[in-house]
>>> print(open('protein_39.cif').read())   # mmCIF, C-alpha atoms
data_start
#
loop_
_atom_site.group_PDB
_atom_site.id
_atom_site.type_symbol
_atom_site.label_atom_id
_atom_site.label_comp_id
_atom_site.auth_asym_id
_atom_site.auth_seq_id
_atom_site.Cartn_x
_atom_site.Cartn_y
_atom_site.Cartn_z
ATOM 1 C CA MET N 3 -72.592 -14.714 -32.226
ATOM 2 C CA SER N 4 -75.099 -12.610 -30.346
ATOM 3 C CA THR N 5 -78.187 -11.373 -32.127
ATOM 4 C CA LEU N 6 -77.244 -7.902 -30.863
ATOM 5 C CA SER N 7 -73.578 -7.763 -31.868
ATOM 6 C CA HIS N 8 -74.259 -5.819 -35.066
ATOM 7 C CA LEU N 9 -75.371 -2.845 -32.971
ATOM 8 C CA CYS N 10 -71.722 -2.193 -32.120
ATOM 9 C CA GLU N 11 -71.052 -1.171 -35.719
ATOM 10 C CA VAL N 12 -71.762 2.268 -37.215
ATOM 11 C CA PRO N 13 -73.999 4.206 -34.793
ATOM 12 C CA PRO N 14 -77.659 4.371 -35.808
ATOM 13 C CA THR N 15 -79.301 7.584 -36.930
ATOM 14 C CA LEU N 16 -81.188 7.810 -33.686
ATOM 15 C CA VAL N 17 -78.656 8.791 -31.045
ATOM 16 C CA ALA N 18 -79.212 7.804 -27.432
ATOM 17 C CA ILE N 19 -79.202 10.498 -24.777
ATOM 18 C CA MET N 20 -76.932 9.484 -21.930
ATOM 19 C CA PRO N 21 -78.450 10.321 -18.540
ATOM 20 C CA ASP N 22 -76.563 12.422 -16.034
ATOM 21 C CA THR N 23 -76.870 9.632 -13.457
ATOM 22 C CA GLN N 24 -75.762 6.217 -14.663
ATOM 23 C CA PRO N 25 -77.705 3.132 -13.525
ATOM 24 C CA ILE N 26 -76.001 0.830 -11.045
ATOM 25 C CA ILE N 27 -74.001 -1.801 -12.940
ATOM 26 C CA GLY N 28 -72.377 -4.011 -10.293
ATOM 27 C CA ASP N 29 -72.037 -7.648 -11.347
ATOM 28 C CA SER N 30 -72.577 -7.798 -15.108
ATOM 29 C CA TRP N 31 -75.158 -10.552 -14.849
ATOM 30 C CA ARG N 32 -76.988 -9.993 -11.547
ATOM 31 C CA ASP N 33 -80.739 -9.913 -12.028
ATOM 32 C CA ASN N 34 -81.532 -7.105 -9.566
ATOM 33 C CA VAL N 35 -79.609 -4.423 -11.435
ATOM 34 C CA LYS N 36 -81.469 -1.130 -11.857
ATOM 35 C CA VAL N 37 -82.827 -0.300 -15.293
ATOM 36 C CA SER N 38 -82.184 3.243 -16.531
ATOM 37 C CA ILE N 39 -85.862 4.160 -16.660
ATOM 38 C CA GLN N 40 -84.994 7.866 -16.861
ATOM 39 C CA SER N 41 -83.420 7.205 -20.267
ATOM 40 C CA LEU N 42 -86.728 6.107 -21.780
ATOM 41 C CA TRP N 43 -88.477 8.843 -23.745
ATOM 42 C CA CYS N 44 -91.731 8.897 -21.784
ATOM 43 C CA ASN N 45 -94.251 11.377 -20.504
ATOM 44 C CA ALA N 46 -94.924 11.608 -16.779
ATOM 45 C CA THR N 47 -97.813 9.123 -16.852
ATOM 46 C CA GLN N 48 -95.737 6.510 -18.653
ATOM 47 C CA ALA N 49 -92.733 7.002 -16.399
ATOM 48 C CA GLN N 50 -94.862 6.472 -13.283
ATOM 49 C CA ALA N 51 -96.488 3.374 -14.779
ATOM 50 C CA ILE N 52 -93.125 1.865 -15.785
ATOM 51 C CA GLN N 53 -91.635 2.560 -12.362
ATOM 52 C CA ARG N 54 -94.655 0.838 -10.812
ATOM 53 C CA LEU N 55 -94.107 -2.221 -13.016
ATOM 54 C CA HIS N 56 -90.531 -2.511 -11.748
ATOM 55 C CA ASP N 57 -91.453 -1.833 -8.119
ATOM 56 C CA GLU N 58 -94.150 -4.512 -8.188
ATOM 57 C CA GLY N 59 -91.962 -7.078 -9.927
ATOM 58 C CA LEU N 60 -94.092 -7.270 -13.068
ATOM 59 C CA VAL N 61 -91.149 -7.178 -15.482
ATOM 60 C CA ILE N 62 -89.215 -10.197 -16.737
ATOM 61 C CA ARG N 63 -85.788 -10.552 -15.124
ATOM 62 C CA GLN N 64 -83.668 -13.439 -16.326
ATOM 63 C CA THR N 65 -79.943 -14.207 -16.268
ATOM 64 C CA PHE N 66 -78.331 -16.789 -18.531
ATOM 65 C CA SER N 67 -75.303 -19.062 -18.249
ATOM 66 C CA ASP N 68 -72.761 -20.032 -20.911
ATOM 67 C CA GLY N 69 -74.526 -23.316 -21.598
ATOM 68 C CA THR N 70 -76.129 -24.007 -24.975
ATOM 69 C CA THR N 71 -79.570 -24.597 -23.465
ATOM 70 C CA SER N 72 -79.468 -21.321 -21.523
ATOM 71 C CA GLN N 73 -78.251 -19.314 -24.516
ATOM 72 C CA THR N 74 -80.902 -20.883 -26.730
ATOM 73 C CA SER N 75 -83.513 -19.816 -24.193
ATOM 74 C CA ALA N 76 -82.134 -16.258 -24.192
ATOM 75 C CA ASN N 77 -82.178 -16.007 -27.974
ATOM 76 C CA ASP N 78 -85.669 -17.488 -28.127
ATOM 77 C CA LEU N 79 -86.904 -14.815 -25.710
ATOM 78 C CA LEU N 80 -85.399 -12.085 -27.878
ATOM 79 C CA SER N 81 -86.774 -13.640 -31.054
ATOM 80 C CA ARG N 82 -90.320 -13.988 -29.697
ATOM 81 C CA ASN N 83 -90.333 -10.284 -28.902
ATOM 82 C CA GLY N 84 -88.803 -9.000 -32.133
ATOM 83 C CA LEU N 85 -85.368 -8.306 -30.658
ATOM 84 C CA ASP N 86 -83.431 -10.846 -32.711
ATOM 85 C CA GLU N 87 -80.904 -9.642 -35.279
ATOM 86 C CA GLY N 88 -83.192 -10.197 -38.275
ATOM 87 C CA SER N 89 -86.089 -8.259 -36.763
ATOM 88 C CA LEU N 90 -83.897 -5.374 -35.566
ATOM 89 C CA LYS N 91 -82.500 -4.919 -39.083
ATOM 90 C CA GLN N 92 -85.972 -4.451 -40.542
ATOM 91 C CA LEU N 93 -86.895 -0.844 -41.253
ATOM 92 C CA GLU N 94 -90.426 -1.488 -39.970
ATOM 93 C CA ARG N 95 -89.158 -2.722 -36.588
ATOM 94 C CA HIS N 96 -91.048 -1.628 -33.485
ATOM 95 C CA TRP N 97 -87.995 -1.298 -31.216
ATOM 96 C CA MET N 98 -85.611 1.625 -30.973
ATOM 97 C CA LYS N 99 -82.324 1.861 -29.097
ATOM 98 C CA VAL N 100 -82.510 4.702 -26.560
ATOM 99 C CA TRP N 101 -79.527 4.077 -24.289
ATOM 100 C CA SER N 102 -76.387 1.959 -24.212
ATOM 101 C CA LEU N 103 -73.319 1.409 -22.078
ATOM 102 C CA ASN N 104 -70.068 -0.499 -22.724
ATOM 103 C CA TRP N 105 -67.488 -1.537 -20.125
ATOM 104 C CA GLU N 106 -64.674 -4.000 -19.494
ATOM 105 C CA SER N 107 -65.664 -7.152 -17.619
ATOM 106 C CA LYS N 108 -63.553 -10.080 -16.445
ATOM 107 C CA LYS N 109 -64.376 -11.921 -19.664
ATOM 108 C CA GLY N 110 -63.842 -8.956 -21.994
ATOM 109 C CA LYS N 111 -65.972 -6.108 -23.252
ATOM 110 C CA ALA N 112 -69.613 -6.151 -22.234
ATOM 111 C CA ALA N 113 -72.542 -4.007 -23.290
ATOM 112 C CA ARG N 114 -76.013 -3.048 -22.131
ATOM 113 C CA ILE N 115 -78.643 -1.794 -24.548
ATOM 114 C CA LEU N 116 -81.974 -0.326 -23.517
ATOM 115 C CA PHE N 117 -84.720 -0.649 -26.122
ATOM 116 C CA GLN N 118 -88.057 1.112 -26.144
ATOM 117 C CA CYS N 119 -91.127 0.366 -28.235
ATOM 118 C CA SER N 120 -91.436 3.096 -30.857
ATOM 119 C CA CYS N 121 -95.149 3.408 -30.016
ATOM 120 C CA GLY N 122 -94.121 4.350 -26.491
ATOM 121 C CA TYR N 123 -91.539 6.914 -27.617
ATOM 122 C CA ASN N 124 -92.935 10.312 -26.675
ATOM 123 C CA THR N 125 -91.813 13.010 -29.116
ATOM 124 C CA GLU N 126 -92.139 15.893 -26.656
ATOM 125 C CA ALA N 127 -90.155 14.056 -23.972
ATOM 126 C CA ARG N 128 -87.339 13.342 -26.390
ATOM 127 C CA GLN N 129 -87.256 16.918 -27.656
ATOM 128 C CA GLU N 130 -87.150 18.267 -24.118
ATOM 129 C CA ALA N 131 -84.273 15.949 -23.206
ATOM 130 C CA LYS N 132 -82.271 16.790 -26.333
ATOM 131 C CA GLN N 133 -82.766 20.526 -25.867
ATOM 132 C CA LYS N 134 -81.676 20.307 -22.231
ATOM 133 C CA LYS N 135 -78.634 18.213 -23.136
ATOM 134 C CA SER N 136 -77.379 19.922 -26.291
ATOM 135 C CA HIS N 137 -79.756 22.822 -27.044
ATOM 136 C CA GLN N 138 -80.890 21.130 -30.267
ATOM 137 C CA LEU N 139 -83.834 22.565 -32.141
ATOM 138 C CA THR N 140 -87.314 21.051 -32.047
ATOM 139 C CA THR N 141 -88.023 18.468 -34.736
ATOM 140 C CA THR N 142 -91.125 16.614 -35.874
ATOM 141 C CA ARG N 143 -91.797 12.964 -35.082
ATOM 142 C CA CYS N 144 -89.860 10.639 -37.378
ATOM 143 C CA ALA N 145 -90.744 7.287 -35.794
ATOM 144 C CA PRO N 146 -92.633 5.013 -38.221
ATOM 145 C CA TYR N 147 -95.500 4.501 -35.773
ATOM 146 C CA ASP N 148 -97.726 6.927 -33.902
ATOM 147 C CA PHE N 149 -97.429 7.377 -30.148
ATOM 148 C CA THR N 150 -99.798 5.116 -28.178
ATOM 149 C CA GLY N 151 -98.316 5.332 -24.675
ATOM 150 C CA CYS N 152 -96.992 1.755 -24.909
ATOM 151 C CA LEU N 153 -94.897 0.736 -21.884
ATOM 152 C CA ALA N 154 -92.868 -2.052 -23.535
ATOM 153 C CA HIS N 155 -89.092 -1.863 -23.069
ATOM 154 C CA ALA N 156 -86.125 -4.203 -22.750
ATOM 155 C CA ASP N 157 -82.679 -3.989 -21.147
ATOM 156 C CA VAL N 158 -80.261 -6.538 -22.656
ATOM 157 C CA THR N 159 -76.734 -7.239 -21.382
ATOM 158 C CA TYR N 160 -74.265 -9.318 -23.401
ATOM 159 C CA GLU N 161 -70.581 -9.941 -24.066
ATOM 160 C CA ILE N 162 -69.420 -8.190 -27.224
ATOM 161 C CA SER N 163 -66.612 -10.593 -28.109
ATOM 162 C CA SER N 164 -68.373 -13.929 -27.529
ATOM 163 C CA GLY N 165 -71.910 -12.727 -28.135
ATOM 164 C CA ARG N 166 -73.115 -14.475 -24.977
ATOM 165 C CA ILE N 167 -76.309 -13.002 -23.585
ATOM 166 C CA GLY N 168 -76.029 -12.559 -19.835
ATOM 167 C CA ARG N 169 -79.260 -10.885 -18.794
ATOM 168 C CA ILE N 170 -82.607 -9.723 -20.140
ATOM 169 C CA ILE N 171 -84.891 -7.406 -18.206
ATOM 170 C CA GLY N 172 -88.055 -6.265 -19.874
ATOM 171 C CA TYR N 173 -91.742 -5.608 -20.079
ATOM 172 C CA PHE N 174 -93.020 -7.057 -23.344
ATOM 173 C CA GLU N 175 -96.766 -6.393 -23.082
ATOM 174 C CA HIS N 176 -97.644 -3.923 -25.851
ATOM 175 C CA ASN N 177 -100.912 -2.040 -25.479
ATOM 176 C CA LEU N 178 -103.773 -2.733 -27.895
ATOM 177 C CA ARG N 179 -103.278 0.402 -30.011
ATOM 178 C CA CYS N 180 -99.643 -0.555 -30.428
ATOM 179 C CA GLN N 181 -100.501 -4.120 -31.463
ATOM 180 C CA THR N 182 -103.001 -2.941 -34.071
ATOM 181 C CA GLY N 183 -101.101 0.153 -35.185
ATOM 182 C CA ILE N 184 -99.887 0.576 -38.742
ATOM 183 C CA MET N 185 -96.863 2.401 -40.085
ATOM 184 C CA LYS N 186 -97.658 6.097 -40.582
ATOM 185 C CA ARG N 187 -94.247 7.391 -41.676
ATOM 186 C CA LEU N 188 -91.618 5.803 -43.863
ATOM 187 C CA PRO N 189 -88.534 5.075 -41.757
ATOM 188 C CA PRO N 190 -85.222 6.542 -42.940
ATOM 189 C CA VAL N 191 -83.066 4.071 -44.858
ATOM 190 C CA PRO N 192 -79.607 3.924 -43.228
ATOM 191 C CA LEU N 193 -76.371 4.107 -45.155
ATOM 192 C CA HIS N 194 -74.534 0.797 -45.425
ATOM 193 C CA PRO N 195 -71.591 0.556 -42.957
ATOM 194 C CA HIS N 196 -69.145 -0.191 -45.790
ATOM 195 C CA VAL N 197 -69.915 3.172 -47.419
ATOM 196 C CA PHE N 198 -68.961 4.885 -44.163
ATOM 197 C CA GLU N 199 -65.810 2.768 -43.907
ATOM 198 C CA VAL N 200 -64.617 3.716 -47.391
ATOM 199 C CA ALA N 201 -65.457 7.405 -46.944
ATOM 200 C CA LEU N 202 -63.754 7.568 -43.525
ATOM 201 C CA GLU N 203 -60.610 6.023 -45.001
ATOM 202 C CA GLN N 204 -60.663 8.686 -47.726
ATOM 203 C CA LEU N 205 -60.962 11.433 -45.112
ATOM 204 C CA LYS N 206 -57.963 10.021 -43.259
ATOM 205 C CA GLU N 207 -56.030 10.309 -46.519
ATOM 206 C CA GLY N 208 -57.091 13.947 -46.954
ATOM 207 C CA ALA N 209 -59.745 13.531 -49.655
ATOM 208 C CA ASN N 210 -62.287 16.323 -50.186
ATOM 209 C CA ILE N 211 -66.060 16.015 -50.561
ATOM 210 C CA THR N 212 -65.959 15.923 -54.348
ATOM 211 C CA ALA N 213 -63.511 13.021 -54.342
ATOM 212 C CA ILE N 214 -65.634 11.123 -51.806
ATOM 213 C CA GLN N 215 -68.783 11.647 -53.864
ATOM 214 C CA ARG N 216 -67.018 10.619 -57.066
ATOM 215 C CA ARG N 217 -65.715 7.387 -55.565
ATOM 216 C CA ASN N 218 -69.126 6.639 -54.081
ATOM 217 C CA LEU N 219 -70.765 6.985 -57.502
ATOM 218 C CA ASP N 220 -68.095 4.802 -59.111
ATOM 219 C CA MET N 221 -68.377 2.068 -56.474
ATOM 220 C CA CYS N 222 -72.180 2.124 -56.622
ATOM 221 C CA HIS N 223 -72.078 1.779 -60.406
ATOM 222 C CA GLN N 224 -69.565 -1.081 -60.226
ATOM 223 C CA GLN N 225 -71.395 -2.654 -57.226
ATOM 224 C CA GLU N 226 -68.169 -2.807 -55.255
ATOM 225 C CA TYR N 227 -69.633 -2.223 -51.801
ATOM 226 C CA ARG N 228 -69.980 -5.145 -49.431
ATOM 227 C CA ASP N 229 -73.385 -6.889 -49.745
ATOM 228 C CA GLN N 230 -74.319 -4.794 -52.778
ATOM 229 C CA GLN N 231 -74.225 -7.629 -55.312
ATOM 230 C CA SER N 232 -75.916 -10.144 -53.027
ATOM 231 C CA THR N 233 -78.826 -7.889 -52.027
ATOM 232 C CA HIS N 234 -81.749 -7.155 -54.300
ATOM 233 C CA PRO N 235 -82.661 -3.427 -54.253
ATOM 234 C CA SER N 236 -86.296 -4.211 -53.428
ATOM 235 C CA GLN N 237 -85.237 -6.159 -50.330
ATOM 236 C CA ALA N 238 -82.343 -3.998 -49.140
ATOM 237 C CA ASN N 239 -82.502 -2.380 -45.712
ATOM 238 C CA TYR N 240 -79.496 -0.215 -46.546
ATOM 239 C CA ARG N 241 -78.694 2.287 -49.249
ATOM 240 C CA PHE N 242 -75.322 2.781 -50.890
ATOM 241 C CA ASN N 243 -75.603 6.290 -52.317
ATOM 242 C CA LEU N 244 -74.179 9.109 -50.203
ATOM 243 C CA GLN N 245 -76.595 11.971 -49.599
ATOM 244 C CA LYS N 246 -76.002 15.508 -48.387
ATOM 245 C CA THR N 247 -77.360 14.648 -44.953
ATOM 246 C CA ASP N 248 -74.765 11.870 -44.541
ATOM 247 C CA PHE N 249 -71.769 14.183 -44.551
ATOM 248 C CA ARG N 250 -72.483 15.736 -41.189
ATOM 249 C CA HIS N 251 -72.458 12.322 -39.511
ATOM 250 C CA LEU N 252 -69.428 11.310 -41.585
ATOM 251 C CA TYR N 253 -67.395 14.280 -40.378
ATOM 252 C CA VAL N 254 -68.528 13.772 -36.792
ATOM 253 C CA LEU N 255 -67.253 10.172 -36.950
ATOM 254 C CA HIS N 256 -64.015 11.329 -38.534
ATOM 255 C CA TYR N 257 -63.186 14.045 -36.019
ATOM 256 C CA ARG N 258 -64.439 11.984 -33.103
ATOM 257 C CA SER N 259 -61.746 9.445 -33.910
ATOM 258 C CA GLN N 260 -59.261 12.307 -33.554
ATOM 259 C CA GLY N 261 -60.583 13.403 -30.159
ATOM 260 C CA HIS N 262 -62.563 16.472 -31.309
ATOM 261 C CA GLN N 263 -66.055 15.039 -30.764
ATOM 262 C CA GLU N 264 -67.279 17.676 -28.317
ATOM 263 C CA LYS N 265 -66.383 20.643 -30.488
ATOM 264 C CA ILE N 266 -67.666 18.929 -33.626
ATOM 265 C CA SER N 267 -70.980 18.086 -31.950
ATOM 266 C CA CYS N 268 -71.291 21.720 -30.874
ATOM 267 C CA LEU N 269 -70.402 23.003 -34.340
ATOM 268 C CA LEU N 270 -72.742 20.698 -36.244
ATOM 269 C CA ARG N 271 -76.026 21.274 -34.481
ATOM 270 C CA PRO N 272 -79.284 20.977 -36.450
ATOM 271 C CA LYS N 273 -79.520 24.760 -36.880
ATOM 272 C CA PHE N 274 -76.584 24.488 -39.254
ATOM 273 C CA ASP N 275 -78.255 21.861 -41.470
ATOM 274 C CA ARG N 276 -79.082 24.340 -44.201
ATOM 275 C CA GLN N 277 -75.470 25.459 -44.288
ATOM 276 C CA VAL N 278 -73.872 22.018 -44.198
ATOM 277 C CA PRO N 279 -71.914 22.353 -47.482
ATOM 278 C CA ASP N 280 -70.300 25.625 -46.364
ATOM 279 C CA ILE N 281 -69.489 24.231 -42.930
ATOM 280 C CA LEU N 282 -67.914 21.115 -44.377
ATOM 281 C CA VAL N 283 -65.612 23.240 -46.501
ATOM 282 C CA LEU N 284 -64.409 25.005 -43.339
ATOM 283 C CA LEU N 285 -64.008 21.896 -41.200
ATOM 284 C CA PRO N 286 -60.522 20.825 -42.368
ATOM 285 C CA HIS N 287 -59.167 24.336 -41.676
ATOM 286 C CA TRP N 288 -60.939 24.401 -38.320
ATOM 287 C CA ALA N 289 -59.338 21.100 -37.342
ATOM 288 C CA ILE N 290 -55.879 22.441 -38.168
ATOM 289 C CA VAL N 291 -56.489 25.511 -36.025
ATOM 290 C CA VAL N 292 -57.607 23.351 -33.100
ATOM 291 C CA SER N 293 -54.594 21.056 -33.486
ATOM 292 C CA VAL N 294 -52.144 23.908 -33.017
ATOM 293 C CA GLY N 295 -53.884 25.107 -29.865
ATOM 294 C CA HIS N 296 -55.777 28.186 -31.094
ATOM 295 C CA GLN N 297 -59.384 28.809 -30.096
#
>>> encode(input="protein_39.cif", output="structure tokens")
Amino acid sequence: MSTLSHLCEVPPTLVAIMPDTQPIIGDSWRDNVKVSIQSLWCNATQAQAIQRLHDEGLVIRQTFSDGTTSQTSANDLLSRNGLDEGSLKQLERHWMKVWSLNWESKKGKAARILFQCSCGYNTEARQEAKQKKSHQLTTTRCAPYDFTGCLAHADVTYEISSGRIGRIIGYFEHNLRCQTGIMKRLPPVPLHPHVFEVALEQLKEGANITAIQRRNLDMCHQQEYRDQQSTHPSQANYRFNLQKTDFRHLYVLHYRSQGHQEKISCLLRPKFDRQVPDILVLLPHWAIVVSVGHQ
């Protein structure tokens, strides 16, 4: 199984901004495919430097066959650069997912994921892009590491079903400040996927927030969530207790599955964060109104 397959589970907290112009896909595994550089959260200086790296052929471009030797080589390349499954699950990881694309290939579903070094993630560039795309409010930097202007990034293409890695394009040279940097902010601890699964099933059955919270407390106490008994709390990279901030994402997932994602995303913008409990009470009624065709 691919070291990246787990990224197709519950979406991460950091949501990628899809560019208006998609990169050229073509053959899933061809090595001259264009990387979506405009999706990287960079300032102008970084963007020019990264474009120059690609124009001058200074990035790694490798395609891989189905053979064991080739796949071993692909996984070794990912592992050496901290892009293996174990490293990506660590809260202190240096890589962040900034863009992704899934499509149907001849062999099944395929995916491309664009990673950027968190030391190269420019807060102002991301805020500007998010405001332009969805008019979201300005937020402070949440990345664990400070911005150093690092140019490292990686574009990985793989088959979702088989896990076979087809192509890796990347620049893996981190600048000195990035290499010597230390964590300045504690990264947010994500909610375990099983907690989302249980809560989403409750929503499908019509449960309210109180019932979801009650079951979450009961299951946490009884250690009934997947991986809960086998993971020591001091080593866990997930949490199992639902928090107030989780409900917005939970409802977005729920209504997205029903085809209301655009209106839910509009309704639950950050400016409503302080009113989340009140909004969540209104959501079921809102969904009923939408379902019968009223605006």
>>> resolve_selection(input="protein_39.cif", expression="the PyMOL selection byres ((chain N and resi 201-203) around 12)", output="PyMOL selection string")
chain N and resi 12+193-200+204-219+221+227+242-244+248-249+251-260
>>> residues_around(input="protein_39.cif", residues="N:Arg63", least_positions_apart="5", cutoff="8 Å", atoms="all atoms listed in the file", output="ChimeraX atom specification")
/N:33-34,169-172
>>> atom_distance(input="protein_39.cif", atom1="atom CA of N:Gln64", atom2="atom CA of N:Gly168")
8.5 Å
>>> residues_around(input="protein_39.cif", residues="N:Ser67", least_positions_apart="3", cutoff="9 Å", atoms="all atoms listed in the file", output="list of chain:residue names")
N:Thr70, N:Thr71, N:Ser72, N:Gln73, N:Arg166, N:Ile167, N:Gly168
>>> resolve_selection(input="protein_39.cif", expression="the PyMOL selection byres ((chain N and resi 39) around 12)", output="PyMOL selection string")
chain N and resi 20-21+23-26+35-38+40-46+48-57+100-101+116-118+153-157+171-173
>>> atom_distance(input="protein_39.cif", atom1="atom CA of N:Thr47", atom2="atom CA of N:Asn124")
11.0 Å
